[in-house]
Amino acid sequence: MAYLTLSNGRVFEGPSIGAARDSIGELVFTTGMTGYLETLTDPSYAGQIVIQTFPMIGNIGVIPQDFEGRPFVRGYVVRELCDLPSNFRSEGALDAYLKEQNIPGICGVDTRELTRCIREEGVMNATITLTRPADPTALAGYAVRDVVSLVSCKTPRVVPAEGAKRFAVTLIDYGAKANIIRELCRRGCEVTVVPQDTPAERILAADPDGIMLSNGPGTPRKTRPALRRSANS
């Protein structure tokens, strides 16, 4: 059994899935009917516990070709977890993947009630624990911090254009989804992906046709050091 405790004091309980450990994060939801693998592996969710509002999750299993990156979520909340995925591309069950990635989760809870709670009261912190926590006020001190450096690439890499090269684009990786790179390449862009702390002088010295700042976790004001470097150049 696992317990999802919200910072407003509400507690939801259900079977534990994924890694058997406690976790804390910012509780958010996604209403997508498909694409749970893309959500789970989206670096933008770093530091957060993700609720999937669609009733059944895991029905197509785990398909690495659909990943957007590495998973950085702090927890995963679903209504019903499918134990028998049915898809010719599947390489395993979702629960096994969560265990492999050390991601704790909970199922069997009313995810739509949780979503209404967040919609009415705003994004809040939460914990997933294996025992019922005694003091939810401890949740107030948690914040998503220093996650951009965690999710960004560590070294530059070049991804060639599909077909003839039309443009050279530098993508500053603050937690970019793989699909951003794919879509740029499909449009004839050779994409140079650089870490989030790359000096603007180095980027401009390459004389790219375009510079793109990717999406990522947290808020822009938490990424001010890198943005200042760009502005001062």
# chains A, B, ... in the order shown; residues from 1 in each chain; ligands from 1
$ residues_around --residues "A:Ile24" --least-positions-apart "2" --cutoff "10 Å" --atoms "only C-alpha atoms" --output "ChimeraX atom specification"
/A:4-6,22,26-27,47-49,74-75,104,125-129,139,142-143
$ residues_around --residues "stretch 96-102 of chain A" --least-positions-apart "3" --cutoff "7 Å" --atoms "only C-alpha atoms" --output "list in words"
Gly18, Ala19 and Ala93 of chain A
$ closest_residue --among "A:Ile118, A:Ala46, A:Ala20, A:Ile203" --to "A:Asp146" --atoms "only C-alpha atoms"
A:Ala46
$ select_by_dssp --residues "stretch 84-221 of chain A" --states "helix (DSSP H, G or I)" --output "PyMOL selection string"
chain A and resi 94-100+111-121+136-141+148-151+178-186+200-205+220-221
$ write_last_selection --atoms "N, CA and C atoms" --output "short mmCIF file (atom, residue, chain, number, x, y, z; two decimals), in the first residue's frame"
data_model
loop_
_atom_site.label_atom_id
_atom_site.label_comp_id
_atom_site.auth_asym_id
_atom_site.auth_seq_id
_atom_site.Cartn_x
_atom_site.Cartn_y
_atom_site.Cartn_z
N LEU A 94 4.93 -1.32 -18.00
CA LEU A 94 5.24 -0.01 -17.42
C LEU A 94 5.72 -0.13 -15.98
N ASP A 95 5.10 -1.01 -15.20
CA ASP A 95 5.51 -1.14 -13.80
C ASP A 95 6.97 -1.56 -13.70
N ALA A 96 7.40 -2.48 -14.54
CA ALA A 96 8.80 -2.90 -14.52
C ALA A 96 9.73 -1.75 -14.89
N TYR A 97 9.29 -0.92 -15.83
CA TYR A 97 10.11 0.23 -16.22
C TYR A 97 10.23 1.24 -15.08
N LEU A 98 9.13 1.49 -14.37
CA LEU A 98 9.18 2.40 -13.22
C LEU A 98 10.15 1.88 -12.16
N LYS A 99 10.12 0.59 -11.92
CA LYS A 99 11.06 -0.01 -10.96
C LYS A 99 12.50 0.16 -11.44
N GLU A 100 12.72 -0.09 -12.71
CA GLU A 100 14.07 0.02 -13.28
C GLU A 100 14.61 1.44 -13.15
N THR A 111 -7.96 9.83 -9.89
CA THR A 111 -7.09 10.85 -10.46
C THR A 111 -7.87 12.09 -10.91
N ARG A 112 -9.13 11.93 -11.23
CA ARG A 112 -9.92 13.10 -11.64
C ARG A 112 -10.29 13.96 -10.43
N GLU A 113 -10.50 13.33 -9.31
CA GLU A 113 -10.72 14.10 -8.08
C GLU A 113 -9.45 14.86 -7.71
N LEU A 114 -8.30 14.22 -7.88
CA LEU A 114 -7.03 14.89 -7.63
C LEU A 114 -6.86 16.09 -8.56
N THR A 115 -7.23 15.91 -9.82
CA THR A 115 -7.11 16.99 -10.79
C THR A 115 -8.00 18.17 -10.42
N ARG A 116 -9.21 17.88 -9.99
CA ARG A 116 -10.11 18.96 -9.56
C ARG A 116 -9.53 19.70 -8.36
N CYS A 117 -8.91 18.96 -7.48
CA CYS A 117 -8.31 19.56 -6.29
C CYS A 117 -7.22 20.56 -6.69
N ILE A 118 -6.36 20.16 -7.62
CA ILE A 118 -5.29 21.06 -8.07
C ILE A 118 -5.86 22.23 -8.86
N ARG A 119 -6.88 21.96 -9.68
CA ARG A 119 -7.49 23.03 -10.48
C ARG A 119 -8.08 24.11 -9.58
N GLU A 120 -8.68 23.70 -8.46
CA GLU A 120 -9.34 24.65 -7.58
C GLU A 120 -8.39 25.33 -6.60
N GLU A 121 -7.37 24.59 -6.16
CA GLU A 121 -6.47 25.14 -5.13
C GLU A 121 -5.10 25.52 -5.66
N PRO A 136 1.85 16.62 7.40
CA PRO A 136 1.92 17.13 6.03
C PRO A 136 2.48 18.54 5.91
N THR A 137 2.62 19.26 7.03
CA THR A 137 3.15 20.63 6.96
C THR A 137 4.61 20.65 6.48
N ALA A 138 5.30 19.51 6.60
CA ALA A 138 6.69 19.46 6.15
C ALA A 138 6.80 19.63 4.64
N LEU A 139 5.69 19.45 3.93
CA LEU A 139 5.69 19.59 2.48
C LEU A 139 5.91 21.03 2.02
N ALA A 140 5.63 21.98 2.89
CA ALA A 140 5.69 23.39 2.50
C ALA A 140 7.09 23.81 2.07
N GLY A 141 8.11 23.17 2.58
CA GLY A 141 9.47 23.59 2.29
C GLY A 141 10.03 23.10 0.97
N VAL A 148 17.46 22.36 -14.02
CA VAL A 148 17.90 22.58 -15.40
C VAL A 148 19.28 21.97 -15.63
N SER A 149 20.19 22.19 -14.70
CA SER A 149 21.53 21.60 -14.84
C SER A 149 21.49 20.08 -14.79
N LEU A 150 20.48 19.54 -14.11
CA LEU A 150 20.33 18.08 -14.02
C LEU A 150 19.89 17.49 -15.35
N VAL A 151 18.95 18.14 -16.03
CA VAL A 151 18.37 17.55 -17.23
C VAL A 151 19.10 17.94 -18.52
N ALA A 178 13.06 15.31 -27.20
CA ALA A 178 13.67 14.78 -28.42
C ALA A 178 12.91 15.20 -29.66
N ASN A 179 11.61 15.39 -29.52
CA ASN A 179 10.81 15.74 -30.70
C ASN A 179 11.15 17.12 -31.25
N ILE A 180 11.65 18.02 -30.42
CA ILE A 180 12.07 19.33 -30.92
C ILE A 180 13.20 19.15 -31.93
N ILE A 181 14.16 18.31 -31.59
CA ILE A 181 15.28 18.06 -32.49
C ILE A 181 14.80 17.36 -33.75
N ARG A 182 13.93 16.38 -33.59
CA ARG A 182 13.42 15.66 -34.76
C ARG A 182 12.71 16.60 -35.74
N GLU A 183 11.87 17.50 -35.21
CA GLU A 183 11.13 18.39 -36.08
C GLU A 183 12.04 19.40 -36.78
N LEU A 184 13.06 19.87 -36.10
CA LEU A 184 14.02 20.77 -36.74
C LEU A 184 14.76 20.04 -37.86
N CYS A 185 15.19 18.81 -37.59
CA CYS A 185 15.93 18.04 -38.60
C CYS A 185 15.06 17.75 -39.81
N ARG A 186 13.79 17.49 -39.58
CA ARG A 186 12.88 17.22 -40.70
C ARG A 186 12.71 18.42 -41.61
N ALA A 200 27.33 32.54 -24.39
CA ALA A 200 26.76 33.08 -25.62
C ALA A 200 27.84 33.36 -26.66
N GLU A 201 29.02 33.80 -26.20
CA GLU A 201 30.10 34.09 -27.14
C GLU A 201 30.46 32.87 -27.98
N ARG A 202 30.46 31.70 -27.34
CA ARG A 202 30.81 30.47 -28.06
C ARG A 202 29.74 30.11 -29.08
N ILE A 203 28.48 30.33 -28.71
CA ILE A 203 27.38 30.04 -29.62
C ILE A 203 27.42 30.97 -30.82
N LEU A 204 27.61 32.26 -30.56
CA LEU A 204 27.62 33.24 -31.65
C LEU A 204 28.84 33.08 -32.56
N ALA A 205 29.95 32.59 -31.99
CA ALA A 205 31.15 32.39 -32.79
C ALA A 205 30.94 31.35 -33.89
N PRO A 220 11.38 30.31 -15.87
CA PRO A 220 12.51 31.02 -16.47
C PRO A 220 13.36 31.78 -15.45
N ARG A 221 12.72 32.30 -14.41
CA ARG A 221 13.52 33.08 -13.45
C ARG A 221 14.53 32.21 -12.71
#
$ residues_around --residues "A:Val78" --least-positions-apart "4" --cutoff "12 Å" --atoms "only C-alpha atoms" --output "MDAnalysis selection string"
chainID A and resid 4 12:18 29:31 36 40 49:58 82 94:95 104:115
$ residues_around --residues "A:Thr41" --least-positions-apart "3" --cutoff "7 Å" --atoms "only C-alpha atoms" --output "PyMOL selection string"
chain A and resi 37-38+67-71
$ atom_distance --atom1 "atom CA of A:Thr131" --atom2 "atom CA of A:Tyr45"
25.0 Å
$ residues_around --residues "A:Val158" --least-positions-apart "2" --cutoff "8 Å" --atoms "only C-alpha atoms" --output "PyMOL selection string"
chain A and resi 156+160+190-193
$ residues_around --residues "A:Val169" --least-positions-apart "2" --cutoff "7 Å" --atoms "only C-alpha atoms" --output "ChimeraX atom specification"
/A:167,171,189-192,208-211
$ atom_distance --atom1 "atom CA of A:Asn215" --atom2 "atom CA of A:Ile60"
26.9 Å
$ select_by_dssp --residues "stretch 44-194 of chain A" --states "strand (DSSP E)" --output "count of residues only"
37
